[in-house]
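S.K.: My file is final-v7.txt. It has compact mmCIF, C-alpha atoms:
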```txt
# COMPACT_ATOMS: atom_id res chain seq x y z
CA SER A 1 17.45 -37.43 -15.59
CA PRO A 2 15.04 -35.62 -17.91
CA GLU A 3 15.11 -31.82 -17.92
CA SER A 4 11.47 -31.73 -16.81
CA SER A 5 12.46 -33.22 -13.44
CA GLY A 6 14.60 -30.21 -12.44
CA PHE A 7 14.05 -26.53 -11.69
CA LEU A 8 16.08 -23.38 -11.28
CA TRP A 9 16.75 -21.47 -8.09
CA TYR A 10 15.13 -18.40 -9.65
CA ASP A 11 11.96 -20.42 -10.41
CA TYR A 12 11.81 -21.58 -6.80
CA ALA A 13 12.14 -18.00 -5.49
CA PHE A 14 9.45 -16.82 -7.92
CA ALA A 15 7.11 -19.63 -6.81
CA ILE A 16 7.58 -18.66 -3.15
CA ILE A 17 6.71 -15.05 -3.98
CA GLN A 18 3.54 -16.02 -5.84
CA LEU A 19 2.45 -18.38 -3.07
CA GLY A 20 3.23 -15.83 -0.36
CA ALA A 21 1.28 -13.13 -2.20
CA VAL A 22 -1.78 -15.37 -2.70
CA LYS A 23 -1.73 -16.51 0.92
CA GLY A 24 -1.35 -12.95 2.21
CA HIS A 25 2.11 -13.32 3.77
CA VAL A 26 3.94 -10.79 1.58
CA ASP A 27 3.13 -7.84 -0.62
CA ARG A 28 3.67 -8.80 -4.26
CA ALA A 29 5.20 -5.42 -5.18
CA VAL A 30 7.73 -5.54 -2.32
CA ALA A 31 8.60 -9.14 -3.17
CA TYR A 32 9.14 -8.27 -6.84
CA VAL A 33 11.51 -5.47 -5.88
CA GLY A 34 13.48 -7.83 -3.65
CA LEU A 35 13.62 -10.44 -6.40
CA PHE A 36 14.80 -7.86 -8.92
CA VAL A 37 17.56 -6.64 -6.60
CA ALA A 38 18.71 -10.16 -5.71
CA PHE A 39 18.69 -11.74 -9.16
CA LYS A 40 19.26 -8.78 -11.47
CA ILE A 41 21.23 -6.02 -9.77
CA ILE A 42 23.37 -8.11 -7.40
CA LEU A 43 24.23 -10.66 -10.10
CA ALA A 44 24.81 -7.96 -12.73
CA ILE A 45 27.41 -6.06 -10.69
CA ASN A 46 28.99 -9.39 -9.65
CA VAL A 47 29.69 -8.48 -6.04
CA SER A 48 31.84 -10.65 -3.81
CA TYR A 49 30.63 -12.27 -0.61
CA ASN A 50 32.41 -9.70 1.57
CA THR A 51 30.87 -6.82 -0.39
CA PHE A 52 27.42 -8.38 -0.16
CA ARG A 53 27.87 -8.84 3.59
CA VAL A 54 28.67 -5.14 3.99
CA LEU A 55 25.66 -4.14 1.85
CA HIS A 56 23.40 -6.49 3.79
CA LYS A 57 24.58 -5.10 7.11
CA ASN A 58 24.22 -1.42 6.13
CA PHE A 59 20.88 -1.64 4.32
CA VAL A 60 19.11 -4.55 6.06
CA SER A 61 20.46 -5.65 9.44
CA ALA A 62 21.56 -2.28 10.84
CA PRO A 63 18.34 -0.33 9.99
CA ILE A 64 16.06 -3.03 11.44
CA THR A 65 18.16 -3.42 14.59
CA PHE A 66 18.29 0.37 15.02
CA LEU A 67 14.52 0.69 14.61
CA ILE A 68 13.83 -2.02 17.18
CA GLY A 69 16.27 -0.39 19.62
CA ILE A 70 14.63 3.03 19.25
CA CYS A 71 11.16 1.57 19.83
CA ASP A 72 12.37 -0.23 22.93
CA LYS A 73 13.85 2.96 24.38
CA VAL A 74 10.77 5.10 23.82
CA GLY A 75 8.43 2.29 24.92
CA TRP A 76 6.55 2.15 21.61
CA LYS A 77 5.33 -1.36 20.82
CA PRO A 78 3.37 -1.37 17.54
CA ALA A 79 2.13 -4.63 16.08
CA SER A 80 4.66 -4.38 13.24
CA LEU A 81 7.50 -4.31 15.78
CA ARG A 82 6.67 -7.83 16.94
CA SER A 83 6.91 -8.99 13.33
CA LEU A 84 10.33 -7.38 13.00
CA GLU A 85 11.50 -9.02 16.22
CA ARG A 86 10.43 -12.43 14.91
CA LEU A 87 12.32 -11.66 11.71
CA LEU A 88 15.67 -11.07 13.45
CA PRO A 89 16.78 -14.74 13.58
CA PHE A 90 16.29 -15.01 9.81
CA LEU A 91 18.10 -11.84 8.70
CA ASP A 92 21.29 -13.76 7.96
CA LEU A 93 19.61 -16.20 5.56
CA PRO A 94 20.59 -14.15 2.45
CA LEU A 95 24.22 -14.43 3.56
CA LEU A 96 23.91 -18.20 3.92
CA PHE A 97 22.28 -18.60 0.50
CA PHE A 98 24.53 -16.13 -1.32
CA PRO A 99 27.20 -18.69 -2.38
CA PHE A 100 24.50 -20.96 -3.83
CA THR A 101 22.82 -18.19 -5.85
CA THR A 102 26.00 -16.77 -7.40
CA ALA A 103 27.77 -19.95 -8.51
CA THR A 104 27.03 -22.92 -10.74
CA PHE A 105 27.20 -26.38 -9.23
CA HIS A 106 27.26 -29.72 -11.01
CA PHE A 107 26.00 -32.72 -9.07
CA GLN A 108 26.29 -36.22 -10.44
CA SER A 109 24.30 -39.15 -9.10
CA ASP A 110 23.48 -42.69 -10.10
CA LEU A 111 19.84 -41.99 -9.31
CA VAL A 112 17.75 -41.18 -12.38
CA ALA A 113 14.46 -39.35 -11.99
CA PRO A 114 11.50 -40.98 -13.79
CA LYS A 115 10.14 -39.35 -16.91
CA SER A 116 6.83 -38.75 -15.17
CA MET A 117 8.42 -36.55 -12.48
CA ASN A 118 7.46 -32.89 -12.77
CA GLY A 119 10.16 -30.69 -11.29
CA GLU A 120 7.95 -27.61 -11.12
CA ARG A 121 5.23 -29.50 -9.25
CA TYR A 122 7.78 -30.92 -6.82
CA MET A 123 9.21 -27.43 -6.30
CA PHE A 124 5.78 -25.94 -5.62
CA ASN A 125 4.85 -28.78 -3.25
CA CYS A 126 7.98 -28.02 -1.23
CA ALA A 127 7.02 -24.35 -1.01
CA LEU A 128 3.41 -25.23 -0.12
CA SER A 129 4.51 -27.62 2.62
CA ALA A 130 6.76 -24.95 4.11
CA GLU A 131 3.91 -22.42 3.99
CA ARG A 132 1.54 -24.78 5.79
CA PHE A 133 4.18 -25.42 8.45
CA VAL A 134 4.68 -21.69 9.04
CA THR A 135 0.92 -21.08 9.07
CA ALA A 136 0.42 -23.78 11.70
CA ILE A 137 3.11 -22.22 13.91
CA ASN A 138 1.63 -18.73 13.53
CA SER A 139 -1.82 -20.07 14.39
CA ARG A 140 -0.57 -21.47 17.69
CA LEU A 141 1.31 -18.29 18.53
CA SER A 142 -1.51 -15.87 17.75
CA ASN A 143 -3.97 -15.97 20.64
CA LYS A 144 -4.38 -19.75 20.89
CA GLY A 145 -4.97 -20.30 17.21
CA ARG A 146 -7.24 -17.34 16.49
CA LYS A 147 -5.85 -15.52 13.48
CA THR A 148 -5.33 -11.81 13.91
CA ASN A 149 -4.25 -11.19 10.33
CA HIS A 150 -7.19 -9.98 8.23
CA ASP A 151 -5.66 -11.56 5.15
CA ALA A 152 -6.37 -14.97 6.70
CA ALA A 153 -10.03 -14.37 5.81
CA ASN A 154 -9.21 -15.45 2.25
CA LEU A 155 -7.64 -18.76 3.28
CA PRO A 156 -9.28 -22.17 3.54
CA THR A 157 -10.28 -23.23 7.05
CA SER A 158 -10.76 -26.60 8.70
CA ARG A 159 -14.45 -26.40 7.76
CA SER A 160 -13.96 -25.39 4.15
CA LYS A 161 -11.52 -26.34 1.40
CA PHE A 162 -12.39 -23.29 -0.70
CA GLN A 163 -10.25 -20.17 -1.01
CA ILE A 164 -11.88 -16.79 -1.57
CA ILE A 165 -10.53 -14.99 -4.64
CA ALA A 166 -13.09 -12.23 -5.31
CA GLY A 167 -16.25 -10.57 -4.03
CA ARG A 168 -17.02 -8.18 -1.18
CA ASN A 169 -15.61 -10.59 1.44
CA HIS A 170 -12.28 -10.88 -0.33
CA VAL A 171 -9.43 -9.04 1.44
CA SER A 172 -6.82 -7.60 -0.93
CA LYS A 173 -3.38 -6.32 0.06
CA SER A 174 -3.21 -3.91 -2.89
CA CYS A 175 -5.46 -1.97 -5.24
CA ASP A 176 -7.13 -3.83 -8.10
CA ILE A 177 -5.11 -2.25 -10.90
CA TRP A 178 -1.80 -3.02 -9.19
CA TRP A 179 -2.94 -6.61 -8.61
CA ALA A 180 -3.84 -6.99 -12.30
CA MET A 181 -0.54 -5.53 -13.54
CA THR A 182 1.66 -7.67 -11.27
CA GLN A 183 0.25 -11.06 -12.24
CA PRO A 184 2.92 -13.45 -13.58
CA ARG A 185 1.18 -14.07 -16.92
CA GLY A 186 -1.22 -12.42 -19.33
CA ASN A 187 -1.11 -9.68 -21.97
CA TYR A 188 -2.53 -6.20 -21.42
CA ALA A 189 -5.97 -7.16 -22.74
CA ILE A 190 -6.24 -10.05 -20.26
CA ARG A 191 -5.02 -7.86 -17.41
CA LEU A 192 -7.57 -5.16 -18.27
CA MET A 193 -10.35 -7.73 -18.41
CA SER A 194 -9.31 -9.20 -15.06
CA LEU A 195 -9.44 -5.71 -13.54
CA ILE A 196 -12.98 -5.16 -14.86
CA VAL A 197 -14.17 -8.60 -13.72
CA THR A 198 -12.68 -8.10 -10.25
CA LYS A 199 -14.55 -4.83 -9.74
CA LEU A 200 -17.73 -6.30 -11.21
CA LEU A 201 -17.67 -9.32 -8.90
CA ARG A 202 -17.21 -7.06 -5.88
CA LYS A 203 -20.40 -5.22 -6.85
CA ILE A 204 -22.62 -8.19 -7.62
CA THR A 205 -21.57 -10.98 -5.23
CA THR A 206 -20.49 -11.58 -1.66
CA GLU A 207 -17.65 -13.97 -2.38
CA VAL A 208 -16.17 -16.09 -5.16
CA SER A 209 -14.12 -19.11 -4.08
CA VAL A 210 -12.21 -21.90 -5.78
CA ASP A 211 -11.62 -25.51 -4.83
CA LEU A 212 -7.82 -25.81 -4.80
CA ALA A 213 -7.89 -29.62 -4.63
CA SER A 214 -9.98 -29.80 -7.79
CA PHE A 215 -7.52 -27.54 -9.62
CA ALA A 216 -4.63 -29.79 -8.62
CA HIS A 217 -6.57 -32.89 -9.72
CA THR A 218 -7.37 -31.25 -13.07
CA GLU A 219 -3.71 -30.40 -13.67
CA ARG A 220 -2.67 -33.99 -13.02
CA ALA A 221 -5.39 -35.26 -15.36
CA ILE A 222 -4.21 -32.92 -18.13
CA GLU A 223 -0.64 -34.15 -17.83
CA GLU A 224 -1.78 -37.79 -17.96
CA ILE A 225 -3.79 -37.10 -21.12
CA MET A 226 -0.83 -35.40 -22.76
CA LEU A 227 1.51 -38.28 -21.86
CA GLN A 228 -0.87 -41.02 -23.01
CA LYS A 229 -2.11 -39.44 -26.23
CA GLY A 230 0.86 -37.21 -27.01
CA SER A 231 -1.49 -34.37 -27.91
CA ASN A 232 -1.31 -30.67 -27.20
CA GLN A 233 -2.51 -29.26 -23.91
CA PRO A 234 -6.32 -29.43 -23.81
CA CYS A 235 -8.48 -26.43 -22.96
CA VAL A 236 -10.03 -26.14 -19.51
CA VAL A 237 -13.43 -24.48 -19.08
CA LEU A 238 -14.30 -23.11 -15.64
CA VAL A 239 -18.02 -23.31 -14.91
CA PRO A 240 -19.23 -21.31 -11.87
CA THR A 241 -21.79 -22.85 -9.53
CA HIS A 242 -24.01 -21.30 -6.86
CA ARG A 243 -23.85 -22.64 -3.30
```
Translate this structure into structure tokens?
M.R.:
Amino acid sequence: SPESSGFLWYDYAFAIIQLGAVKGHVDRAVAYVGLFVAFKIILAINVSYNTFRVLHKNFVSAPITFLIGICDKVGWKPASLRSLERLLPFLDLPLLFFPFTTATFHFQSDLVAPKSMNGERYMFNCALSAERFVTAINSRLSNKGRKTNHDAANLPTSRSKFQIIAGRNHVSKSCDIWWAMTQPRGNYAIRLMSLIVTKLLRKITTEVSVDLASFAHTERAIEEIMLQKGSNQPCVVLVPTHR
């Protein structure tokens, strides 16, 4: 199979973080710290499974279980406690995935992926499908489908396919400068310009939204042009419209 049809475990984890941050499920800074610990520190010190299990118990499972127990005894039920309680069944997932993230596996198959298959797109589609599944479950659990998370204000609804990315109606989980500095790509000049544009749009407009389906269609069109003509990646010009 061509190399373009595959992807790395690290790339998949990074894609989940970016998607979770855009959709408002996770804080990008916290996710980056977790990714750094999992893929840099843990792999660098080359810990065994038993050692990792002890570390996970002392620094993850035990503190969360202790906090939930204390809140139950004193009768304190904050909204964040319900989130922690829903997290309990998934605390052991790092232990289940640990052998797959610390070893190299070689799989051989008679199936050959076509040259047109894009591994990164397939990877992101898997993450997006999982996110939609989780969002649908949370919608049913939260007051008969009414979203209580303010970050959901940025997400597309059944009546609109547009996602809010800027403006006064946009809900951000972090300050503008931190958002600009934690983007996956861009030099310092681009990050500074994005910070200025973000603040400017908040002053002059109510909301700025993007059509996600059109972006996906444009990406597919670019790849088809590159495959047919064998040329370099063409430039894409974004033209804002007023609605």
S.K.: For Leu87 in chain A, which residue among A:Ile64, A:Ile45, A:Ile204, A:Val74 is the nearest when counting only C-alpha atoms?
M.R.: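 Checking each candidate against Leu87 in chain A, we get A:Ile64 as the closest.
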S.K.: So what do you get for CA of Val22 in chain A versus CA of Ile165 in chain A, distance-wise?
M.R.: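 We find that CA of Val22 in chain A and CA of Ile165 in chain A lie 9.0 Å from each other.
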S.K.: Here is a test: counting all atoms listed in the file, which residue of A:Val197, A:Thr65, A:His106, A:Phe14 is nearest to Arg86 in chain A?
M.R.: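 Among A:Val197, A:Thr65, A:His106, A:Phe14, it is A:Thr65 that comes nearest to Arg86 in chain A.
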S.K.: Could you write out as JSON the box around range 78-94 of chain A (axis-aligned, all atoms listed in the file, 4 Å on each side), with centre and edge lengths in Å to one decimal?
M.R.:
```
{"center_x": 11.7, "center_y": -8.8, "center_z": 10.0, "size_x": 27.2, "size_y": 22.8, "size_z": 23.1}
```
S.K.: Rounded to one decimal in Å, what is the spacing between CA of Arg191 in chain A and CA of Phe124 in chain A?
M.R.: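 Interatomic distance, CA of Arg191 in chain A to CA of Phe124 in chain A: 24.1 Å.
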S.K.: Could you check the closest approach to Val30 in chain A for each of A:Phe7, A:Gln18, A:Leu111, A:Gln228 and tell me which residue wins, using all atoms listed in the file?
M.R.: A:Gln18
S.K.: Report, in Å to a single decimal, how far apart CA of Glu120 in chain A and CA of Ser172 in chain A are.
M.R.: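 Result for CA of Ser172 in chain A versus CA of Glu120 in chain A: 26.9 Å, one decimal.
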S.K.: Counting only C-alpha atoms, what is within 6 Å of range 208-214 of chain A, bar same-chain residues fewer than 5 positions away, as number ranges by chain?
M.R.: A: 162-167
S.K.: With a distance cut-off of 9 Å and all atoms listed in the file, select the neighbouring residues of range 93-103 of chain A, excluding the residue or stretch itself and same-chain residues fewer than 6 positions from it, and output the selection as an mmCIF file with C-alpha atoms, in the frame of the given file.
M.R.:
```
data_model
loop_
_atom_site.group_PDB
_atom_site.id
_atom_site.type_symbol
_atom_site.label_atom_id
_atom_site.label_comp_id
_atom_site.auth_asym_id
_atom_site.auth_seq_id
_atom_site.Cartn_x
_atom_site.Cartn_y
_atom_site.Cartn_z
ATOM 1 C CA TRP A 9 16.750 -21.470 -8.090
ATOM 2 C CA TYR A 10 15.130 -18.400 -9.650
ATOM 3 C CA PHE A 39 18.690 -11.740 -9.160
ATOM 4 C CA LEU A 43 24.230 -10.660 -10.100
ATOM 5 C CA ASN A 46 28.990 -9.390 -9.650
ATOM 6 C CA TYR A 49 30.630 -12.270 -0.610
ATOM 7 C CA PHE A 52 27.420 -8.380 -0.160
ATOM 8 C CA ARG A 53 27.870 -8.840 3.590
ATOM 9 C CA HIS A 56 23.400 -6.490 3.790
#
```
S.K.: So that each row is one residue of range 29-77 of chain A with an atom at most 12 Å from range 175-187 of chain A, can you give its shortest atom pair and the distance in Å to one decimal, using all atoms listed in the file, rows by chain and rising number, as a Markdown table?
M.R.:
```
| residue | atom | partner | partner_atom | distance |
| --- | --- | --- | --- | --- |
| A:Ala29 | CA | A:Thr182 | CA | 7.4 |
| A:Val30 | CA | A:Thr182 | CA | 11.0 |
| A:Ala31 | CA | A:Thr182 | CA | 10.8 |
| A:Tyr32 | CA | A:Thr182 | CA | 8.7 |
| A:Val33 | CA | A:Thr182 | CA | 11.4 |
```
S.K.: I'd like to know which of A:Lys57, A:Leu128, A:Glu207, A:Asn118 is closest to Glu219 in chain A, using only C-alpha atoms.
M.R.: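 Result for the nearest residue to Glu219 in chain A: A:Asn118.
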S.K.: Neighbours of Ala221 in chain A within 12 Å (only C-alpha atoms; same-chain residues fewer than 5 positions away dropped), as a list of chain:residue names?
M.R.: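 Counting only the stated atoms, we get A:Ser214, A:Phe215, A:Ala216, A:Met226, A:Leu227, A:Gln228, A:Gln233, A:Pro234, A:Val236.
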S.K.: So which one's closest to Glu3 in chain A, A:Arg140, A:Lys115, A:Lys203, A:Arg28? Using only C-alpha atoms, please.
M.R.: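 Smallest separation from Glu3 in chain A among the options: A:Lys115.
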S.K.: Quick one: of A:Ala130, A:Ile17, A:Val171, A:Ile70, who's nearest to Thr206 in chain A, counting all atoms listed in the file?
M.R.: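 Comparing A:Ala130, A:Ile17, A:Val171, A:Ile70 against Thr206 in chain A, the winner is A:Val171.
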